[in-house]
Amino acid sequence: MQIGLKLWSDNERYFDEAKRLYNKKFYDYIELYVVPGTFDKYINAWKRLDVPYIIHAPHFAHGLNPAKEEDHEASLIKAKEALRFKTELNAKYIIFHPGINGIIENTVKFFKMINDSDILVENKPYYALNDSKICNGNNPEEIRVIMKNAKVGFCFDIGHAIAAANVYKKDIYEFVDAFMKLEPKMCHLSDGKVDSVFDQHLNFGCGNYDFKKIISYVRTTEAVTIETDKNDKKLLKDYEKDVFFLRELL
């Protein structure tokens, strides 16, 4: 199983650290979140790093919302830039969120418009950053519908599933089991509060997730991206600690 480092496409401050940690075999690939409008400025720098990539398309906070048909035109422009990153960096997958405050049928329609065989849809918590916005793809059935009708794969965010389970008042591990039946290609992993309805992306050990149990799910996927806080503007010491934590469990 491969371990991934999550960075944003404008994170030039981490270029040197990313190369250092790759050379020291701390990670196997970079999952690069595409900030809209960054391709021309940063693509050559990411290519020079010469590491494997997975691309994460922009999400609702950056104006990409598959859940609403009236947002599709603007969202498609941002999706196409993310696909340029995917092509130039020879990335294996491109991950999309299903959108916010809309319907699953619109999400399916949007993914069909993109028509890329390497799309992975990521499950979301029930609530976005507050309880006024509801995320598409917050339960296994919605993800199953998207996968089946849009012919896409699945990226499983375990923290998102735990947060959603708490809203639905479901046993969190039964909820996780239901997602695992969809055979995710990869996982996103962070720590958090096991009874919270919001995901928090805490560094490992800063929350109270049962990682001895969670690791049994992670093992069955191709890759896991560590999606935790980075508190230093230049160094990735927090990430190094999280890698040590994960490898000890593995």
# chains A, B, ... in the order shown; residues from 1 in each chain; ligands from 1
>>> residues_around(residues="Tyr33 in chain A", least_positions_apart="4", cutoff="8 Å", atoms="only C-alpha atoms", output="PyMOL selection string")
chain A and resi 6-9+55-58
>>> write_last_selection(atoms="N, CA and C atoms", output="tab-separated table (two decimals), in the first residue's frame")
chain	number	residue	atom	x	y	z
A	6	LYS	N	-0.42	15.13	0.81
A	6	LYS	CA	-1.40	16.05	0.24
A	6	LYS	C	-0.83	17.47	0.23
A	7	LEU	N	-0.76	18.07	-0.96
A	7	LEU	CA	-0.33	19.45	-1.11
A	7	LEU	C	-1.27	20.16	-2.08
A	8	TRP	N	-1.22	21.50	-2.06
A	8	TRP	CA	-2.00	22.30	-2.99
A	8	TRP	C	-1.09	22.78	-4.11
A	9	SER	N	-1.69	23.07	-5.26
A	9	SER	CA	-0.89	23.39	-6.44
A	9	SER	C	-0.13	24.71	-6.32
A	55	ILE	N	-4.32	13.62	-8.73
A	55	ILE	CA	-4.85	14.98	-8.74
A	55	ILE	C	-6.16	15.04	-7.98
A	56	HIS	N	-6.34	16.10	-7.21
A	56	HIS	CA	-7.61	16.38	-6.56
A	56	HIS	C	-8.17	17.66	-7.18
A	57	ALA	N	-9.32	17.56	-7.83
A	57	ALA	CA	-9.93	18.72	-8.46
A	57	ALA	C	-10.40	19.73	-7.41
A	58	PRO	N	-10.57	21.00	-7.81
A	58	PRO	CA	-11.11	21.98	-6.87
A	58	PRO	C	-12.47	21.54	-6.34
>>> select_by_dssp(residues="range 104-197 of chain A", states="helix (DSSP H, G or I)", output="ChimeraX atom specification")
/A:104-114,140-150,158-168,172-180
>>> select_by_dssp(residues="range 16-50 of chain A", states="strand (DSSP E)", output="list in words")
Tyr29, Ile30, Glu31, Leu32 and Tyr33 of chain A
>>> write_last_selection(atoms="C-alpha atoms", output="CSV table (one decimal), in the first residue's frame")
chain,number,residue,atom,x,y,z
A,29,TYR,CA,3.1,10.0,-4.4
A,30,ILE,CA,1.7,13.5,-4.0
A,31,GLU,CA,-2.0,14.1,-4.1
A,32,LEU,CA,-2.1,17.6,-5.6
A,33,TYR,CA,-5.2,19.7,-4.9
>>> closest_atom_pairs(of="range 147-182 of chain A", to="range 116-124 of chain A", cutoff="12 Å", atoms="only C-alpha atoms", output="Markdown table")
| residue | atom | partner | partner_atom | distance |
| --- | --- | --- | --- | --- |
| A:Met147 | CA | A:Val121 | CA | 7.6 |
| A:Lys148 | CA | A:Val121 | CA | 11.3 |
| A:Ala150 | CA | A:Ile119 | CA | 9.5 |
| A:Lys151 | CA | A:Ser117 | CA | 7.8 |
| A:Val152 | CA | A:Ile119 | CA | 5.5 |
| A:Gly153 | CA | A:Leu120 | CA | 4.4 |
| A:Phe154 | CA | A:Leu120 | CA | 4.7 |
| A:Cys155 | CA | A:Glu122 | CA | 4.7 |
| A:Phe156 | CA | A:Glu122 | CA | 5.9 |
| A:Asp157 | CA | A:Asn123 | CA | 6.2 |
| A:Ile158 | CA | A:Asn123 | CA | 8.7 |
| A:Gly159 | CA | A:Lys124 | CA | 8.9 |
| A:His160 | CA | A:Lys124 | CA | 5.2 |
| A:Ala161 | CA | A:Lys124 | CA | 6.9 |
| A:Ile162 | CA | A:Lys124 | CA | 9.9 |
| A:Ala163 | CA | A:Lys124 | CA | 8.8 |
| A:Ala164 | CA | A:Lys124 | CA | 7.6 |
| A:Ala165 | CA | A:Lys124 | CA | 10.8 |
| A:Phe175 | CA | A:Asn123 | CA | 12.0 |
| A:Val176 | CA | A:Asn123 | CA | 11.0 |
| A:Phe179 | CA | A:Asn123 | CA | 8.8 |
| A:Met180 | CA | A:Asn123 | CA | 11.4 |
| A:Leu182 | CA | A:Asn123 | CA | 11.2 |
>>> write_last_selection(atoms="C-alpha atoms", output="PDB file, in the first residue's frame")
ATOM      1  CA  MET A 147     -20.387   5.163  -9.275  1.00  0.00           C
ATOM      2  CA  LYS A 148     -22.905   3.048 -11.149  1.00  0.00           C
ATOM      3  CA  ALA A 150     -21.324   7.871 -14.019  1.00  0.00           C
ATOM      4  CA  LYS A 151     -18.962   4.886 -14.298  1.00  0.00           C
ATOM      5  CA  VAL A 152     -16.411   6.296 -11.822  1.00  0.00           C
ATOM      6  CA  GLY A 153     -14.300   4.838  -9.026  1.00  0.00           C
ATOM      7  CA  PHE A 154     -14.296   5.642  -5.326  1.00  0.00           C
ATOM      8  CA  CYS A 155     -11.934   7.453  -2.945  1.00  0.00           C
ATOM      9  CA  PHE A 156     -12.963   6.721   0.644  1.00  0.00           C
ATOM     10  CA  ASP A 157     -12.475   9.437   3.268  1.00  0.00           C
ATOM     11  CA  ILE A 158     -12.860   7.656   6.606  1.00  0.00           C
ATOM     12  CA  GLY A 159     -13.145  10.848   8.668  1.00  0.00           C
ATOM     13  CA  HIS A 160     -15.953  12.076   6.421  1.00  0.00           C
ATOM     14  CA  ALA A 161     -17.783   8.785   6.925  1.00  0.00           C
ATOM     15  CA  ILE A 162     -17.473   8.970  10.716  1.00  0.00           C
ATOM     16  CA  ALA A 163     -18.856  12.524  10.750  1.00  0.00           C
ATOM     17  CA  ALA A 164     -21.777  11.550   8.516  1.00  0.00           C
ATOM     18  CA  ALA A 165     -22.551   8.453  10.596  1.00  0.00           C
ATOM     19  CA  PHE A 175     -21.299   2.831   8.268  1.00  0.00           C
ATOM     20  CA  VAL A 176     -17.646   2.417   7.312  1.00  0.00           C
ATOM     21  CA  PHE A 179     -18.658   2.177   2.270  1.00  0.00           C
ATOM     22  CA  MET A 180     -15.963  -0.494   2.073  1.00  0.00           C
ATOM     23  CA  LEU A 182     -18.004  -0.235  -2.695  1.00  0.00           C
TER      24      LEU A 182
END
>>> residues_around(residues="range 35-41 of chain A", least_positions_apart="6", cutoff="10 Å", atoms="only C-alpha atoms", output="NGL selection string")
:A and (8-11 or 56-59 or 62-64 or 77-79 or 81-82 or 84-85 or 88)
>>> closest_residue(among="A:Asn136, A:Phe26, A:Phe245, A:Pro66", to="Lys212 in chain A", atoms="only C-alpha atoms")
A:Phe245
>>> residues_around(residues="Ile215 in chain A", least_positions_apart="3", cutoff="9 Å", atoms="only C-alpha atoms", output="list in words")
Asp210, Phe211, Lys212, Val218, Arg219, Leu246, Leu249 and Leu250 of chain A
>>> write_last_selection(atoms="C-alpha atoms", output="PDB file, in the first residue's frame")
ATOM      1  CA  ASP A 210      -9.588   3.982  16.955  1.00  0.00           C
ATOM      2  CA  PHE A 211      -6.729   3.565  14.501  1.00  0.00           C
ATOM      3  CA  LYS A 212      -6.129  -0.078  15.361  1.00  0.00           C
ATOM      4  CA  VAL A 218      -6.933   1.089   4.983  1.00  0.00           C
ATOM      5  CA  ARG A 219      -4.890  -2.051   4.322  1.00  0.00           C
ATOM      6  CA  LEU A 246       0.897   5.160  10.268  1.00  0.00           C
ATOM      7  CA  LEU A 249       0.325   0.642  12.764  1.00  0.00           C
ATOM      8  CA  LEU A 250       0.993  -1.032   9.419  1.00  0.00           C
TER       9      LEU A 250
END
>>> residues_around(residues="Arg13 in chain A", least_positions_apart="5", cutoff="9 Å", atoms="only C-alpha atoms", output="list of chain:residue names")
A:Lys233, A:Lys234, A:Leu235
>>> residues_around(residues="Asn166 in chain A", least_positions_apart="5", cutoff="12 Å", atoms="only C-alpha atoms", output="list in words")
Pro125, Tyr126, Tyr127, Asn138, Asn139, Gly159, His160, Ala161, Asp171, Ile172, Tyr173, Glu174, Phe175, Val176, Lys193, Val194, Asp195, Ser196, Val197, Phe198 and Asp199 of chain A
>>> closest_residue(among="A:Arg20, A:Lys86, A:His201, A:Lys25", to="Ile3 in chain A", atoms="only C-alpha atoms")
A:Lys25
>>> decode(residues="range 66-85 of chain A", atoms="C-alpha atoms", output="short mmCIF file (atom, residue, chain, number, x, y, z; two decimals), in the first residue's frame")
data_model
loop_
_atom_site.label_atom_id
_atom_site.label_comp_id
_atom_site.auth_asym_id
_atom_site.auth_seq_id
_atom_site.Cartn_x
_atom_site.Cartn_y
_atom_site.Cartn_z
CA PRO A 66 -21.29 19.27 -9.55
CA ALA A 67 -24.48 19.14 -7.44
CA LYS A 68 -26.15 22.14 -9.12
CA GLU A 69 -26.78 22.20 -12.85
CA GLU A 70 -26.63 26.00 -12.96
CA ASP A 71 -23.03 25.74 -11.68
CA HIS A 72 -21.90 23.22 -14.29
CA GLU A 73 -20.59 25.67 -16.89
CA ALA A 74 -18.26 27.45 -14.45
CA SER A 75 -17.36 24.16 -12.76
CA LEU A 76 -16.39 22.58 -16.07
CA ILE A 77 -13.79 25.31 -16.68
CA LYS A 78 -12.15 24.50 -13.34
CA ALA A 79 -12.39 20.77 -13.98
CA LYS A 80 -10.60 21.15 -17.31
CA GLU A 81 -7.68 22.92 -15.63
CA ALA A 82 -7.44 20.06 -13.13
CA LEU A 83 -7.43 17.61 -16.03
CA ARG A 84 -4.53 19.56 -17.59
CA PHE A 85 -2.59 18.98 -14.37
#
